[in-house]
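Structure file final.pdb (PDB, C-alpha atoms, pLDDT in the B column) follows.
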ATOM      1  CA  MET O  10      92.672 138.017  82.180  1.00 80.00           C
ATOM      2  CA  LEU O  11      95.453 135.962  80.587  1.00 83.00           C
ATOM      3  CA  LEU O  12      98.077 138.216  82.195  1.00 88.00           C
ATOM      4  CA  ASN O  13      96.528 137.669  85.640  1.00 88.00           C
ATOM      5  CA  ILE O  14      96.439 133.931  85.021  1.00 86.00           C
ATOM      6  CA  ILE O  15     100.119 133.838  84.034  1.00 89.00           C
ATOM      7  CA  ILE O  16     101.176 136.003  87.009  1.00 90.00           C
ATOM      8  CA  ALA O  17      99.181 133.851  89.462  1.00 88.00           C
ATOM      9  CA  SER O  18     100.471 130.540  88.085  1.00 87.00           C
ATOM     10  CA  LEU O  19     104.052 131.905  87.983  1.00 87.00           C
ATOM     11  CA  ALA O  20     103.707 132.906  91.634  1.00 87.00           C
ATOM     12  CA  ILE O  21     102.694 129.325  92.455  1.00 83.00           C
ATOM     13  CA  SER O  22     105.700 128.061  90.469  1.00 83.00           C
ATOM     14  CA  LEU O  23     108.050 130.316  92.447  1.00 83.00           C
ATOM     15  CA  LEU O  24     106.956 128.592  95.662  1.00 77.00           C
ATOM     16  CA  SER O  25     109.360 125.830  94.619  1.00 71.00           C
ATOM     17  CA  PHE O  26     112.117 128.080  96.035  1.00 74.00           C
ATOM     18  CA  SER O  27     110.508 128.096  99.493  1.00 64.00           C
ATOM     19  CA  GLY O  28     112.523 125.104 100.680  1.00 60.00           C
ATOM     20  CA  LEU O  29     115.914 126.609  99.809  1.00 60.00           C
ATOM     21  CA  SER O  30     116.400 128.893 102.808  1.00 58.00           C
ATOM     22  CA  ILE O  31     115.704 126.065 105.255  1.00 58.00           C
ATOM     23  CA  PHE O  32     118.648 123.992 104.011  1.00 56.00           C
ATOM     24  CA  THR O  33     121.387 126.642 103.728  1.00 54.00           C
ATOM     25  CA  LYS O  34     123.203 125.701 106.954  1.00 54.00           C
ATOM     26  CA  ASN O  35     124.889 122.327 106.544  1.00 54.00           C
ATOM     27  CA  LYS O  36     125.275 121.943 110.312  1.00 58.00           C
ATOM     28  CA  TYR O  37     121.544 121.431 110.696  1.00 57.00           C
ATOM     29  CA  SER O  38     120.513 120.371 107.193  1.00 59.00           C
ATOM     30  CA  HIS O  39     120.408 116.601 107.892  1.00 65.00           C
ATOM     31  CA  ARG O  40     118.246 116.988 110.985  1.00 69.00           C
ATOM     32  CA  ILE O  41     116.014 119.499 109.272  1.00 70.00           C
ATOM     33  CA  MET O  42     115.738 117.241 106.212  1.00 69.00           C
ATOM     34  CA  ASP O  43     114.741 114.217 108.318  1.00 73.00           C
ATOM     35  CA  ALA O  44     112.107 116.274 110.131  1.00 79.00           C
ATOM     36  CA  ALA O  45     110.859 117.708 106.832  1.00 76.00           C
ATOM     37  CA  ILE O  46     110.597 114.208 105.335  1.00 78.00           C
ATOM     38  CA  ALA O  47     108.372 113.137 108.237  1.00 82.00           C
ATOM     39  CA  LEU O  48     106.370 116.352 107.765  1.00 83.00           C
ATOM     40  CA  ALA O  49     106.127 115.632 104.016  1.00 79.00           C
ATOM     41  CA  ALA O  50     104.670 112.178 104.656  1.00 83.00           C
ATOM     42  CA  GLY O  51     101.862 113.716 106.687  1.00 86.00           C
ATOM     43  CA  VAL O  52     101.337 116.495 104.137  1.00 82.00           C
ATOM     44  CA  LEU O  53     101.179 114.130 101.149  1.00 81.00           C
ATOM     45  CA  LEU O  54      98.792 111.661 102.765  1.00 87.00           C
ATOM     46  CA  SER O  55      96.490 114.337 104.177  1.00 86.00           C
ATOM     47  CA  ASN O  56      96.553 116.199 100.861  1.00 81.00           C
ATOM     48  CA  VAL O  57      95.309 113.048  99.135  1.00 85.00           C
ATOM     49  CA  PHE O  58      92.588 112.162 101.653  1.00 90.00           C
ATOM     50  CA  LEU O  59      91.482 115.673 102.671  1.00 86.00           C
ATOM     51  CA  HIS O  60      91.814 117.531  99.378  1.00 81.00           C
ATOM     52  CA  MET O  61      92.286 115.383  96.268  1.00 81.00           C
ATOM     53  CA  LEU O  62      89.856 112.533  96.951  1.00 89.00           C
ATOM     54  CA  PRO O  63      87.013 114.855  98.079  1.00 87.00           C
ATOM     55  CA  GLU O  64      87.675 116.941  94.956  1.00 83.00           C
ATOM     56  CA  ILE O  65      87.504 113.786  92.822  1.00 87.00           C
ATOM     57  CA  MET O  66      84.210 112.823  94.459  1.00 90.00           C
ATOM     58  CA  GLU O  67      82.707 116.251  93.763  1.00 87.00           C
ATOM     59  CA  MET O  68      83.820 116.129  90.127  1.00 83.00           C
ATOM     60  CA  GLN O  69      82.468 112.589  89.777  1.00 87.00           C
ATOM     61  CA  LEU O  70      79.042 113.623  91.050  1.00 87.00           C
ATOM     62  CA  SER O  71      78.864 116.608  88.701  1.00 83.00           C
ATOM     63  CA  SER O  72      80.259 114.819  85.642  1.00 79.00           C
ATOM     64  CA  GLY O  73      78.812 111.333  86.109  1.00 81.00           C
ATOM     65  CA  TYR O  74      82.248 109.827  85.477  1.00 85.00           C
ATOM     66  CA  GLU O  75      82.374 106.085  86.201  1.00 88.00           C
ATOM     67  CA  PRO O  76      83.781 105.576  89.768  1.00 90.00           C
ATOM     68  CA  ARG O  77      85.539 102.348  88.759  1.00 92.00           C
ATOM     69  CA  LEU O  78      87.460 104.234  86.061  1.00 92.00           C
ATOM     70  CA  ILE O  79      88.607 106.756  88.671  1.00 92.00           C
ATOM     71  CA  SER O  80      89.949 103.898  90.777  1.00 94.00           C
ATOM     72  CA  LEU O  81      91.732 102.518  87.719  1.00 94.00           C
ATOM     73  CA  TRP O  82      93.437 105.867  87.074  1.00 91.00           C
ATOM     74  CA  ILE O  83      94.629 106.018  90.700  1.00 92.00           C
ATOM     75  CA  LEU O  84      95.817 102.417  90.518  1.00 94.00           C
ATOM     76  CA  GLY O  85      97.414 103.098  87.136  1.00 91.00           C
ATOM     77  CA  ALA O  86      99.499 105.918  88.598  1.00 86.00           C
ATOM     78  CA  ILE O  87     100.702 103.648  91.404  1.00 90.00           C
ATOM     79  CA  VAL O  88     101.579 100.825  88.983  1.00 91.00           C
ATOM     80  CA  PHE O  89     103.296 103.236  86.581  1.00 83.00           C
ATOM     81  CA  LEU O  90     105.500 104.698  89.322  1.00 79.00           C
ATOM     82  CA  PHE O  91     106.311 101.222  90.634  1.00 84.00           C
ATOM     83  CA  LEU O  92     107.386 100.050  87.173  1.00 82.00           C
ATOM     84  CA  THR O  93     109.338 103.279  86.613  1.00 73.00           C
ATOM     85  CA  GLU O  94     111.169 102.851  89.901  1.00 71.00           C
ATOM     86  CA  GLN O  95     111.946  99.212  89.179  1.00 76.00           C
ATOM     87  CA  TYR O  96     113.238 100.092  85.705  1.00 68.00           C
ATOM     88  CA  LEU O  97     115.455 102.873  87.056  1.00 57.00           C
ATOM     89  CA  HIS O  98     116.886 100.511  89.684  1.00 60.00           C
ATOM     90  CA  TRP O  99     117.492  97.830  87.047  1.00 64.00           C
ATOM     91  CA  HIS O 100     118.969 100.281  84.533  1.00 51.00           C
ATOM     92  CA  HIS O 101     121.271 101.805  87.117  1.00 49.00           C
ATOM     93  CA  CYS O 102     122.483  98.477  88.472  1.00 52.00           C
ATOM     94  CA  HIS O 103     123.399  97.298  84.969  1.00 49.00           C
ATOM     95  CA  ARG O 104     125.389 100.438  84.171  1.00 46.00           C
ATOM     96  CA  HIS O 105     127.124 100.556  87.571  1.00 47.00           C
ATOM     97  CA  LYS O 106     127.809  97.868  90.150  1.00 49.00           C
ATOM     98  CA  CYS O 107     125.242  98.482  92.855  1.00 48.00           C
ATOM     99  CA  GLU O 108     127.578  97.398  95.601  1.00 45.00           C
ATOM    100  CA  GLU O 109     130.453  99.527  94.299  1.00 47.00           C
ATOM    101  CA  GLU O 110     131.691 102.022  96.860  1.00 45.00           C
ATOM    102  CA  GLY O 111     132.380 105.657  96.184  1.00 45.00           C
ATOM    103  CA  HIS O 112     129.394 106.281  93.899  1.00 44.00           C
ATOM    104  CA  THR O 113     126.693 108.817  94.670  1.00 47.00           C
ATOM    105  CA  HIS O 114     123.423 107.504  93.308  1.00 50.00           C
ATOM    106  CA  THR O 115     120.177 109.301  92.681  1.00 52.00           C
ATOM    107  CA  ASN O 116     117.250 107.498  94.256  1.00 60.00           C
ATOM    108  CA  PRO O 117     114.470 106.836  91.696  1.00 63.00           C
ATOM    109  CA  ALA O 118     112.035 108.194  94.278  1.00 68.00           C
ATOM    110  CA  GLY O 119     113.186 111.669  93.246  1.00 74.00           C
ATOM    111  CA  VAL O 120     111.906 111.126  89.711  1.00 76.00           C
ATOM    112  CA  ASN O 121     108.569 109.911  91.080  1.00 75.00           C
ATOM    113  CA  ILE O 122     108.303 112.986  93.286  1.00 78.00           C
ATOM    114  CA  LEU O 123     108.804 115.251  90.262  1.00 82.00           C
ATOM    115  CA  ILE O 124     106.260 113.296  88.197  1.00 80.00           C
ATOM    116  CA  GLY O 125     103.603 113.440  90.923  1.00 76.00           C
ATOM    117  CA  ASP O 126     104.309 117.084  91.716  1.00 78.00           C
ATOM    118  CA  GLY O 127     104.203 117.980  88.019  1.00 82.00           C
ATOM    119  CA  LEU O 128     100.756 116.433  87.648  1.00 80.00           C
ATOM    120  CA  HIS O 129      99.553 118.246  90.745  1.00 77.00           C
ATOM    121  CA  ASN O 130     100.960 121.559  89.530  1.00 83.00           C
ATOM    122  CA  PHE O 131      99.275 121.051  86.159  1.00 85.00           C
ATOM    123  CA  VAL O 132      95.930 120.656  87.936  1.00 79.00           C
ATOM    124  CA  ASP O 133      96.709 123.767  90.032  1.00 80.00           C
ATOM    125  CA  GLY O 134      97.143 125.684  86.778  1.00 85.00           C
ATOM    126  CA  ILE O 135      93.773 124.429  85.543  1.00 81.00           C
ATOM    127  CA  VAL O 136      92.118 125.556  88.782  1.00 77.00           C
ATOM    128  CA  ILE O 137      93.730 129.008  88.607  1.00 83.00           C
ATOM    129  CA  ALA O 138      92.607 129.609  85.004  1.00 83.00           C
ATOM    130  CA  ALA O 139      89.093 128.291  85.686  1.00 73.00           C
ATOM    131  CA  SER O 140      88.800 130.533  88.766  1.00 72.00           C
ATOM    132  CA  PHE O 141      89.856 133.662  86.874  1.00 81.00           C
ATOM    133  CA  ALA O 142      87.232 132.803  84.263  1.00 70.00           C
ATOM    134  CA  VAL O 143      84.627 133.391  86.999  1.00 60.00           C
ATOM    135  CA  SER O 144      86.100 136.680  88.259  1.00 68.00           C
ATOM    136  CA  ALA O 145      89.444 138.270  89.135  1.00 80.00           C
ATOM    137  CA  SER O 146      88.685 138.149  92.873  1.00 74.00           C
ATOM    138  CA  THR O 147      87.798 134.456  92.673  1.00 70.00           C
ATOM    139  CA  GLY O 148      91.027 133.808  90.782  1.00 78.00           C
ATOM    140  CA  TRP O 149      93.219 135.503  93.375  1.00 85.00           C
ATOM    141  CA  LEU O 150      91.405 133.774  96.248  1.00 70.00           C
ATOM    142  CA  ALA O 151      91.998 130.444  94.510  1.00 72.00           C
ATOM    143  CA  THR O 152      95.679 131.350  94.061  1.00 82.00           C
ATOM    144  CA  LEU O 153      95.959 132.154  97.772  1.00 75.00           C
ATOM    145  CA  ALA O 154      94.313 128.861  98.724  1.00 69.00           C
ATOM    146  CA  ILE O 155      96.643 126.914  96.405  1.00 75.00           C
ATOM    147  CA  ALA O 156      99.673 128.732  97.856  1.00 77.00           C
ATOM    148  CA  LEU O 157      98.633 127.710 101.374  1.00 64.00           C
ATOM    149  CA  HIS O 158      98.499 124.119 100.159  1.00 63.00           C
ATOM    150  CA  GLU O 159     101.769 124.328  98.230  1.00 71.00           C
ATOM    151  CA  ILE O 160     104.213 125.954 100.677  1.00 71.00           C
ATOM    152  CA  PRO O 161     104.485 123.011 103.117  1.00 68.00           C
ATOM    153  CA  GLN O 162     104.400 120.570 100.221  1.00 71.00           C
ATOM    154  CA  GLU O 163     107.199 122.357  98.318  1.00 74.00           C
ATOM    155  CA  VAL O 164     109.380 122.380 101.436  1.00 73.00           C
ATOM    156  CA  GLY O 165     108.736 118.664 101.778  1.00 73.00           C
ATOM    157  CA  ASP O 166     109.416 118.014  98.081  1.00 75.00           C
ATOM    158  CA  PHE O 167     112.729 119.882  98.259  1.00 77.00           C
ATOM    159  CA  SER O 168     113.829 117.826 101.260  1.00 76.00           C
ATOM    160  CA  LEU O 169     112.767 114.591  99.552  1.00 77.00           C
ATOM    161  CA  LEU O 170     114.776 115.453  96.431  1.00 81.00           C
ATOM    162  CA  LEU O 171     117.844 116.084  98.617  1.00 79.00           C
ATOM    163  CA  HIS O 172     117.235 112.756 100.318  1.00 78.00           C
ATOM    164  CA  SER O 173     116.979 111.087  96.896  1.00 78.00           C
ATOM    165  CA  GLY O 174     120.511 112.169  95.982  1.00 81.00           C
ATOM    166  CA  PHE O 175     119.922 115.477  94.211  1.00 83.00           C
ATOM    167  CA  THR O 176     122.330 118.321  94.948  1.00 80.00           C
ATOM    168  CA  LYS O 177     120.741 121.492  96.296  1.00 79.00           C
ATOM    169  CA  ALA O 178     121.174 123.183  92.912  1.00 82.00           C
ATOM    170  CA  LYS O 179     119.619 120.291  90.976  1.00 85.00           C
ATOM    171  CA  ALA O 180     116.791 119.867  93.490  1.00 82.00           C
ATOM    172  CA  LEU O 181     116.019 123.579  93.218  1.00 82.00           C
ATOM    173  CA  PHE O 182     116.182 123.545  89.408  1.00 86.00           C
ATOM    174  CA  TRP O 183     114.023 120.467  88.839  1.00 86.00           C
ATOM    175  CA  ASN O 184     111.535 121.444  91.530  1.00 81.00           C
ATOM    176  CA  PHE O 185     111.165 124.812  89.781  1.00 85.00           C
ATOM    177  CA  ILE O 186     110.740 123.116  86.385  1.00 88.00           C
ATOM    178  CA  SER O 187     108.029 120.943  87.950  1.00 85.00           C
ATOM    179  CA  GLY O 188     106.412 124.118  89.288  1.00 85.00           C
ATOM    180  CA  LEU O 189     106.369 125.712  85.831  1.00 89.00           C
ATOM    181  CA  VAL O 190     103.954 122.982  84.718  1.00 89.00           C
ATOM    182  CA  ALA O 191     101.297 125.047  86.531  1.00 89.00           C
ATOM    183  CA  ILE O 192     101.708 127.753  83.880  1.00 91.00           C
ATOM    184  CA  LEU O 193     101.266 125.159  81.141  1.00 91.00           C
ATOM    185  CA  GLY O 194      98.049 123.912  82.721  1.00 87.00           C
ATOM    186  CA  ALA O 195      96.754 127.462  83.174  1.00 88.00           C
ATOM    187  CA  VAL O 196      97.495 128.598  79.618  1.00 89.00           C
ATOM    188  CA  LEU O 197      96.067 125.450  78.014  1.00 86.00           C
ATOM    189  CA  THR O 198      92.901 125.847  80.086  1.00 78.00           C
ATOM    190  CA  TYR O 199      92.602 129.471  79.038  1.00 81.00           C
ATOM    191  CA  TYR O 200      92.835 128.709  75.316  1.00 78.00           C
ATOM    192  CA  TYR O 201      90.925 125.453  75.279  1.00 63.00           C
ATOM    193  CA  SER O 202      87.784 124.482  77.150  1.00 50.00           C
ATOM    194  CA  GLN O 203      88.851 121.906  79.745  1.00 50.00           C
ATOM    195  CA  ALA O 204      86.458 118.977  80.043  1.00 58.00           C
ATOM    196  CA  ALA O 205      85.692 117.832  83.584  1.00 54.00           C
ATOM    197  CA  GLU O 206      86.472 114.291  82.462  1.00 64.00           C
ATOM    198  CA  ASN O 207      90.091 115.224  81.693  1.00 71.00           C
ATOM    199  CA  GLU O 208      90.533 117.149  84.938  1.00 74.00           C
ATOM    200  CA  ILE O 209      89.267 114.259  87.031  1.00 81.00           C
ATOM    201  CA  ILE O 210      91.793 111.969  85.340  1.00 82.00           C
ATOM    202  CA  LEU O 211      94.668 114.338  86.167  1.00 77.00           C
ATOM    203  CA  VAL O 212      93.623 114.677  89.814  1.00 80.00           C
ATOM    204  CA  SER O 213      93.276 110.883  90.078  1.00 85.00           C
ATOM    205  CA  LEU O 214      96.760 110.354  88.634  1.00 83.00           C
ATOM    206  CA  ALA O 215      98.218 112.937  91.030  1.00 80.00           C
ATOM    207  CA  ALA O 216      96.467 111.289  94.004  1.00 84.00           C
ATOM    208  CA  GLY O 217      97.816 107.864  93.058  1.00 86.00           C
ATOM    209  CA  SER O 218     101.303 109.312  92.635  1.00 81.00           C
ATOM    210  CA  PHE O 219     101.315 110.916  96.079  1.00 81.00           C
ATOM    211  CA  LEU O 220      99.960 107.755  97.710  1.00 88.00           C
ATOM    212  CA  TYR O 221     102.758 105.704  96.177  1.00 86.00           C
ATOM    213  CA  ILE O 222     105.452 108.208  97.153  1.00 80.00           C
ATOM    214  CA  ALA O 223     104.242 108.503 100.761  1.00 83.00           C
ATOM    215  CA  LEU O 224     103.623 104.809 101.411  1.00 86.00           C
ATOM    216  CA  SER O 225     106.356 103.208  99.300  1.00 83.00           C
ATOM    217  CA  ASP O 226     109.240 105.677  99.475  1.00 74.00           C
ATOM    218  CA  ILE O 227     108.919 108.006 102.462  1.00 77.00           C
ATOM    219  CA  MET O 228     107.472 105.926 105.300  1.00 82.00           C
ATOM    220  CA  PRO O 229     109.888 102.988 104.842  1.00 80.00           C
ATOM    221  CA  HIS O 230     112.729 105.522 105.049  1.00 73.00           C
ATOM    222  CA  LEU O 231     111.316 106.931 108.282  1.00 76.00           C
ATOM    223  CA  GLN O 232     111.202 103.455 109.798  1.00 76.00           C
ATOM    224  CA  GLU O 233     114.902 102.962 109.030  1.00 73.00           C
ATOM    225  CA  GLN O 234     116.124 106.451 109.927  1.00 66.00           C
ATOM    226  CA  LYS O 235     118.158 106.777 113.136  1.00 62.00           C
ATOM    227  CA  ARG O 236     119.174 110.456 113.052  1.00 60.00           C
ATOM    228  CA  ILE O 237     115.770 111.548 114.324  1.00 62.00           C
ATOM    229  CA  ASN O 238     114.077 109.678 117.168  1.00 72.00           C
ATOM    230  CA  GLN O 239     110.692 108.037 116.833  1.00 77.00           C
ATOM    231  CA  PHE O 240     108.914 110.607 118.982  1.00 81.00           C
ATOM    232  CA  ASN O 241     110.103 113.454 116.733  1.00 82.00           C
ATOM    233  CA  GLN O 242     109.120 111.466 113.647  1.00 84.00           C
ATOM    234  CA  VAL O 243     105.593 111.014 114.965  1.00 87.00           C
ATOM    235  CA  LEU O 244     105.484 114.668 116.025  1.00 90.00           C
ATOM    236  CA  TRP O 245     106.463 116.022 112.577  1.00 89.00           C
ATOM    237  CA  PHE O 246     104.272 113.490 110.756  1.00 90.00           C
ATOM    238  CA  THR O 247     101.283 114.482 112.915  1.00 92.00           C
ATOM    239  CA  LEU O 248     102.092 118.159 112.402  1.00 91.00           C
ATOM    240  CA  GLY O 249     101.876 117.593 108.635  1.00 86.00           C
ATOM    241  CA  LEU O 250      98.450 116.004 109.034  1.00 90.00           C
ATOM    242  CA  ILE O 251      97.170 118.774 111.312  1.00 91.00           C
ATOM    243  CA  LEU O 252      98.603 121.522 109.101  1.00 85.00           C
ATOM    244  CA  MET O 253      96.810 120.264 106.007  1.00 82.00           C
ATOM    245  CA  LEU O 254      93.621 119.644 108.019  1.00 86.00           C
ATOM    246  CA  ILE O 255      93.608 123.292 109.134  1.00 85.00           C
ATOM    247  CA  ILE O 256      94.365 124.546 105.608  1.00 78.00           C
ATOM    248  CA  ASN O 257      91.635 122.422 104.046  1.00 75.00           C
ATOM    249  CA  THR O 258      89.107 123.336 106.743  1.00 79.00           C
ATOM    250  CA  PHE O 259      89.619 127.083 106.959  1.00 75.00           C
ATOM    251  CA  PHE O 260      91.317 128.063 103.690  1.00 67.00           C
ATOM    252  CA  ASN O 261      89.643 125.846 101.114  1.00 59.00           C
ATOM    253  CA  PHE O 262      88.079 128.222  98.587  1.00 49.00           C
ATOM    254  CA  GLU O 263      86.491 125.437  96.528  1.00 48.00           C
ATOM    255  CA  VAL O 264      89.738 124.534  94.737  1.00 42.00           C
TER     256      VAL O 264
END
Write the structure described by the file as C-alpha cells, please.
Amino acid sequence: MLLNIIIASLAISLLSFSGLSIFTKNKYSHRIMDAAIALAAGVLLSNVFLHMLPEIMEMQLSSGYEPRLISLWILGAIVFLFLTEQYLHWHHCHRHKCEEEGHTHTNPAGVNILIGDGLHNFVDGIVIAASFAVSASTGWLATLAIALHEIPQEVGDFSLLLHSGFTKAKALFWNFISGLVAILGAVLTYYYSQAAENEIILVSLAAGSFLYIALSDIMPHLQEQKRINQFNQVLWFTLGLILMLIINTFFNFEV
C-alpha cells in the first residue's frame, strides 16, 4: 500500500510541470500568462468556496470542532500572509532602492503562492493516503479526482510565479518542490494516525491562503492590466469558475 501511496502522490507532484508547455513560446507567453492569471483567480476562489469550505464543514460536523476556531485559522492564514508580504516588501526596499531602475524584483506574492499551494498539496497527500487505507480502487479514484482539481490550478500557479518575477526555471523548480509536499503529507499519514482536528486546521489554513492570494494579489493586478481587455479577463475568470464547478459537481469522489 505504501508504494501505491508514494506513486499516487508523486504523480500529483509531477502535475507542477503541466504549466511549462504553455509558456514555451515567448511570442505569446505574456498574453497567455495574463489569461491564465484571470483563469487562476476564478480557479482559486471557486476551489475555496466549492471544495475547501464544504470539506471544512463536513469535517466540522463529524469532528465537533469549534466553528469559531476554524474561522480563526482561516483569518490567521490571511493575517500571516499579509504580514509576510509586508515584511518582504520592507526587507527588499531596505536592501535595494525601490525606485532604482534596472532591477528585476521578485514579487512577494510568489512566496505566498508557494506557501498556500504547499499547504494544499500537504492536504492532498493526506487525502491520498487515507483513501488508499480504505481500498486501492478508492485511492486511485481519489488521485484522479485530485488531479482534475490540480491541473488547472498548477497552470495558474505557474503563470502567477512568472508574473511575480520568477524565471521559468525557478518557477518550475519551486512549484515542483511545493508539489513534493504532497508526498510528505501522504507518508506522514501512512505512518501516523491523522486526527481530523489537524486535517481541518490544514484545510482552513490553505483556504485562507488562497483567499488572500486571489483577492489581494491577483484581482488587483487584473484591474490594472492593459495587455488583455476587460471582456477577455471576465471570460477567463468565468471559465475558471465554471471549470471548477464542473469538476466539483461531476468528479468529486468525496475528497
As a check of understanding, name the residues that the PyMOL selection byres ((chain O and resi 10) around 8) selects in the supplied structure, as a compact mmCIF listing (two decimals) with C-alpha atoms, in the coordinates of the input.
# COMPACT_ATOMS: atom_id res chain seq x y z
CA LEU O 11 95.45 135.96 80.59
CA LEU O 12 98.08 138.22 82.20
CA ASN O 13 96.53 137.67 85.64
CA ILE O 14 96.44 133.93 85.02
CA PHE O 141 89.86 133.66 86.87
CA ALA O 142 87.23 132.80 84.26
CA ALA O 145 89.44 138.27 89.14
Just the residues within 12 Å of stretch 72-76 of chain O, please, counting only C-alpha atoms, with nothing from its chain fewer than 4 positions along; format it as a list in words.
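In the requested form, the answer reads Leu62, Ile65, Met66, Glu67, Met68, Ser80, Leu81, Trp82, Ile83, Ala204, Ala205, Glu206, Asn207, Glu208, Ile209, Ile210 and Ser213 of chain O.
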When you draw a straight line from atom CA of O:Ser218 to atom CA of O:Ser18, how long is it in Å?
21.7 Å
Carefully work through the PyMOL selection byres ((chain O and resi 188-201) around 8) for this structure and note down the residues it includes, as a list in words.
Leu11, Ile14, Ile15, Ser18, Leu19, Ile21, Ser22, Leu23, Leu24, Ser25, Asp126, Gly127, Leu128, Asn130, Phe131, Val132, Asp133, Gly134, Ile135, Val136, Ile137, Ala138, Ala139, Asn184, Phe185, Ile186, Ser187, Ser202 and Gln203 of chain O
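In this structure, atom CA of O:Leu53 sits 24.1 Å away from atom CA of O:Trp149.
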Between atom CA of O:Ile122 and atom CA of O:Ile222 lies a distance of 6.8 Å
Report as a ChimeraX atom specification the full result of the PyMOL selection byres ((chain O and resi 243-258) around 6) when it is applied to this structure.
/O:47-48,51-52,55,240-242,259-261
Based on the selection just made, write C-alpha atoms of those residues as a PDB file, in the coordinates of the input.
ATOM      1  CA  ALA O  47     108.372 113.137 108.237  1.00 82.00           C
ATOM      2  CA  LEU O  48     106.370 116.352 107.765  1.00 83.00           C
ATOM      3  CA  GLY O  51     101.862 113.716 106.687  1.00 86.00           C
ATOM      4  CA  VAL O  52     101.337 116.495 104.137  1.00 82.00           C
ATOM      5  CA  SER O  55      96.490 114.337 104.177  1.00 86.00           C
ATOM      6  CA  PHE O 240     108.914 110.607 118.982  1.00 81.00           C
ATOM      7  CA  ASN O 241     110.103 113.454 116.733  1.00 82.00           C
ATOM      8  CA  GLN O 242     109.120 111.466 113.647  1.00 84.00           C
ATOM      9  CA  PHE O 259      89.619 127.083 106.959  1.00 75.00           C
ATOM     10  CA  PHE O 260      91.317 128.063 103.690  1.00 67.00           C
ATOM     11  CA  ASN O 261      89.643 125.846 101.114  1.00 59.00           C
TER      12      ASN O 261
END
Skipping near chain neighbours, those fewer than 4 positions away, what residues fall within 10 Å of O:Asn121 using only C-alpha atoms, listed as a list in words?
Phe89, Leu90, Phe91, Thr93, Glu94, Asn116, Pro117, Gly125, Asp126, Gly127, Leu170, Ser218, Phe219, Tyr221, Ile222 and Asp226 of chain O
Start from the incomplete input, build N, CA and C atoms for stretch 134-146 of chain O, and deliver everything as a PDB file, in the frame of the given file.
ATOM      1  N   GLY O 134      97.266 124.714  87.864  1.00 85.00           N
ATOM      2  CA  GLY O 134      97.143 125.684  86.778  1.00 85.00           C
ATOM      3  C   GLY O 134      95.748 125.701  86.193  1.00 85.00           C
ATOM      4  N   ILE O 135      95.150 124.524  86.042  1.00 81.00           N
ATOM      5  CA  ILE O 135      93.773 124.429  85.543  1.00 81.00           C
ATOM      6  C   ILE O 135      92.819 125.158  86.488  1.00 81.00           C
ATOM      7  N   VAL O 136      92.994 124.935  87.787  1.00 77.00           N
ATOM      8  CA  VAL O 136      92.118 125.556  88.782  1.00 77.00           C
ATOM      9  C   VAL O 136      92.260 127.078  88.754  1.00 77.00           C
ATOM     10  N   ILE O 137      93.500 127.554  88.638  1.00 83.00           N
ATOM     11  CA  ILE O 137      93.730 129.008  88.607  1.00 83.00           C
ATOM     12  C   ILE O 137      93.023 129.633  87.410  1.00 83.00           C
ATOM     13  N   ALA O 138      93.224 129.047  86.215  1.00 83.00           N
ATOM     14  CA  ALA O 138      92.607 129.609  85.004  1.00 83.00           C
ATOM     15  C   ALA O 138      91.085 129.549  85.082  1.00 83.00           C
ATOM     16  N   ALA O 139      90.540 128.432  85.576  1.00 73.00           N
ATOM     17  CA  ALA O 139      89.093 128.291  85.686  1.00 73.00           C
ATOM     18  C   ALA O 139      88.522 129.294  86.684  1.00 73.00           C
ATOM     19  N   SER O 140      89.264 129.586  87.758  1.00 72.00           N
ATOM     20  CA  SER O 140      88.800 130.533  88.766  1.00 72.00           C
ATOM     21  C   SER O 140      88.783 131.959  88.227  1.00 72.00           C
ATOM     22  N   PHE O 141      89.817 132.324  87.463  1.00 81.00           N
ATOM     23  CA  PHE O 141      89.856 133.662  86.874  1.00 81.00           C
ATOM     24  C   PHE O 141      88.760 133.835  85.824  1.00 81.00           C
ATOM     25  N   ALA O 142      88.324 132.717  85.239  1.00 70.00           N
ATOM     26  CA  ALA O 142      87.232 132.803  84.263  1.00 70.00           C
ATOM     27  C   ALA O 142      85.933 133.242  84.932  1.00 70.00           C
ATOM     28  N   VAL O 143      85.810 132.965  86.243  1.00 60.00           N
ATOM     29  CA  VAL O 143      84.627 133.391  86.999  1.00 60.00           C
ATOM     30  C   VAL O 143      84.721 134.879  87.310  1.00 60.00           C
ATOM     31  N   SER O 144      85.842 135.267  87.959  1.00 68.00           N
ATOM     32  CA  SER O 144      86.100 136.680  88.259  1.00 68.00           C
ATOM     33  C   SER O 144      87.539 136.801  88.730  1.00 68.00           C
ATOM     34  N   ALA O 145      88.070 138.037  88.695  1.00 80.00           N
ATOM     35  CA  ALA O 145      89.444 138.270  89.135  1.00 80.00           C
ATOM     36  C   ALA O 145      89.596 137.966  90.631  1.00 80.00           C
ATOM     37  N   SER O 146      88.599 138.390  91.430  1.00 74.00           N
ATOM     38  CA  SER O 146      88.685 138.149  92.873  1.00 74.00           C
ATOM     39  C   SER O 146      88.668 136.660  93.185  1.00 74.00           C
TER      40      SER O 146
END
